[in-house]
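Structure data follow from model23.cif (mmCIF, C-alpha atoms):
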```cif
data_entry
loop_
_atom_site.group_PDB
_atom_site.id
_atom_site.type_symbol
_atom_site.label_atom_id
_atom_site.label_comp_id
_atom_site.auth_asym_id
_atom_site.auth_seq_id
_atom_site.Cartn_x
_atom_site.Cartn_y
_atom_site.Cartn_z
ATOM 1 C CA MET A 117 8.678 -11.489 -3.111
ATOM 2 C CA LYS A 118 5.313 -13.083 -3.691
ATOM 3 C CA ASN A 119 3.312 -11.257 -1.051
ATOM 4 C CA ALA A 120 2.678 -7.674 -0.097
ATOM 5 C CA VAL A 121 0.856 -5.835 2.637
ATOM 6 C CA ILE A 122 -0.414 -2.333 1.917
ATOM 7 C CA TYR A 123 -0.668 -0.065 4.928
ATOM 8 C CA VAL A 124 -2.981 2.923 4.500
ATOM 9 C CA HIS A 125 -2.539 5.318 7.392
ATOM 10 C CA GLY A 126 -5.338 7.153 9.139
ATOM 11 C CA LYS A 127 -5.872 10.883 9.527
ATOM 12 C CA GLY A 128 -2.676 12.611 10.581
ATOM 13 C CA GLY A 129 -0.606 9.475 9.985
ATOM 14 C CA ASN A 130 2.236 8.767 7.585
ATOM 15 C CA THR A 131 3.746 5.984 5.532
ATOM 16 C CA GLU A 132 6.461 5.304 8.097
ATOM 17 C CA GLU A 133 3.838 3.753 10.365
ATOM 18 C CA ALA A 134 3.872 0.716 8.061
ATOM 19 C CA ASN A 135 7.228 -0.286 9.548
ATOM 20 C CA ARG A 136 5.461 -1.210 12.795
ATOM 21 C CA TYR A 137 3.780 -4.116 11.039
ATOM 22 C CA LYS A 138 6.924 -5.769 9.677
ATOM 23 C CA GLN A 139 7.243 -7.738 12.894
ATOM 24 C CA PHE A 140 4.044 -9.637 12.066
ATOM 25 C CA PHE A 141 5.164 -10.886 8.643
ATOM 26 C CA ASP A 142 8.085 -12.971 7.466
ATOM 27 C CA ASP A 143 10.529 -12.051 4.695
ATOM 28 C CA SER A 144 8.193 -13.288 1.980
ATOM 29 C CA PHE A 145 6.112 -10.127 2.490
ATOM 30 C CA GLU A 146 6.915 -6.624 1.362
ATOM 31 C CA ILE A 147 5.265 -3.982 3.539
ATOM 32 C CA ILE A 148 4.188 -0.973 1.479
ATOM 33 C CA GLY A 149 3.215 2.238 3.257
ATOM 34 C CA PHE A 150 0.771 4.165 1.128
ATOM 35 C CA ASP A 151 0.330 7.916 1.437
ATOM 36 C CA TYR A 152 -2.584 9.668 -0.230
ATOM 37 C CA LYS A 153 -3.668 13.253 -0.851
ATOM 38 C CA SER A 154 -7.428 12.770 -0.576
ATOM 39 C CA LEU A 155 -9.145 13.565 2.700
ATOM 40 C CA ASN A 156 -10.091 9.939 3.318
ATOM 41 C CA PRO A 157 -9.129 6.505 1.950
ATOM 42 C CA TRP A 158 -12.423 5.784 0.198
ATOM 43 C CA ASP A 159 -12.031 8.955 -1.883
ATOM 44 C CA ALA A 160 -8.436 8.004 -2.634
ATOM 45 C CA LYS A 161 -9.376 4.891 -4.615
ATOM 46 C CA ILE A 162 -8.046 6.348 -7.883
ATOM 47 C CA GLU A 163 -4.774 7.256 -6.142
ATOM 48 C CA PHE A 164 -4.398 3.663 -4.932
ATOM 49 C CA ILE A 165 -5.063 2.249 -8.375
ATOM 50 C CA ASN A 166 -2.633 4.641 -10.078
ATOM 51 C CA TYR A 167 0.064 3.918 -7.505
ATOM 52 C CA LEU A 168 -0.275 0.184 -7.933
ATOM 53 C CA ARG A 169 -0.225 0.445 -11.717
ATOM 54 C CA ASN A 170 2.660 2.886 -12.044
ATOM 55 C CA ASN A 171 5.201 2.084 -9.334
ATOM 56 C CA ASN A 172 6.484 -1.385 -10.207
ATOM 57 C CA ASN A 173 3.849 -2.941 -7.986
ATOM 58 C CA ASN A 174 2.117 -4.719 -10.861
ATOM 59 C CA LYS A 175 3.953 -7.886 -9.867
ATOM 60 C CA TYR A 176 1.696 -8.045 -6.813
ATOM 61 C CA PHE A 177 -1.569 -6.578 -7.934
ATOM 62 C CA LYS A 178 -2.061 -7.119 -11.650
ATOM 63 C CA LYS A 179 -4.772 -9.698 -11.000
ATOM 64 C CA TRP A 180 -7.151 -7.459 -9.055
ATOM 65 C CA VAL A 181 -6.403 -3.868 -10.035
ATOM 66 C CA CYS A 182 -8.293 -2.942 -13.165
#
```
For this file, write the structure as structure tokens.
Amino acid sequence: MKNAVIYVHGKGGNTEEANRYKQFFDDSFEIIGFDYKSLNPWDAKIEFINYLRNNNNNKYFKKWVC
């Protein structure tokens, strides 16, 4: 896979909601549902970065995650 879409759910949501978006992308995309513990996504920035670095997702994001 060369492409990925990261779905960050809203308040009260969950990672399973990412599955709804698979219909909009072909098989060259991996849809990743991201769950976070912070109260809002902008405070979860460090969680996003750590997830992308540590969960075999470097193949997608090594160019822009520092």
I'd like the residues picked by the PyMOL selection byres ((chain A and resi 130-140) around 6) written out as a tab-separated table (two decimals) with C-alpha atoms, in the frame of the given file, using the chain letters and numbers from the file.
```tsv
chain	number	residue	atom	x	y	z
A	123	TYR	CA	-0.67	-0.06	4.93
A	125	HIS	CA	-2.54	5.32	7.39
A	129	GLY	CA	-0.61	9.48	9.98
A	141	PHE	CA	5.16	-10.89	8.64
A	149	GLY	CA	3.22	2.24	3.26
A	150	PHE	CA	0.77	4.16	1.13
A	151	ASP	CA	0.33	7.92	1.44
```
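In this structure, CA of Tyr152 (chain A) sits 8.2 Å away from CA of Val124 (chain A).
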**Request:** Name the residues captured by the PyMOL selection byres ((chain A and resi 120) around 6) when it is applied to the shown file; answer as a PyMOL selection string.
**Result:** chain A and resi 119+121+145-147
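Of the residues under consideration (A:Trp158, A:Asp142, A:Glu163, A:Leu168), A:Leu168 shows the shortest atom-to-atom contact distance to Ile122 (chain A) when counting only C-alpha atoms.
The two atoms in question, CA of Asp143 (chain A) and CA of Ile165 (chain A), are spaced 24.9 Å apart.
Across the structure, CA of Gly128 (chain A) and CA of Asp159 (chain A) are spaced 16.0 Å apart.
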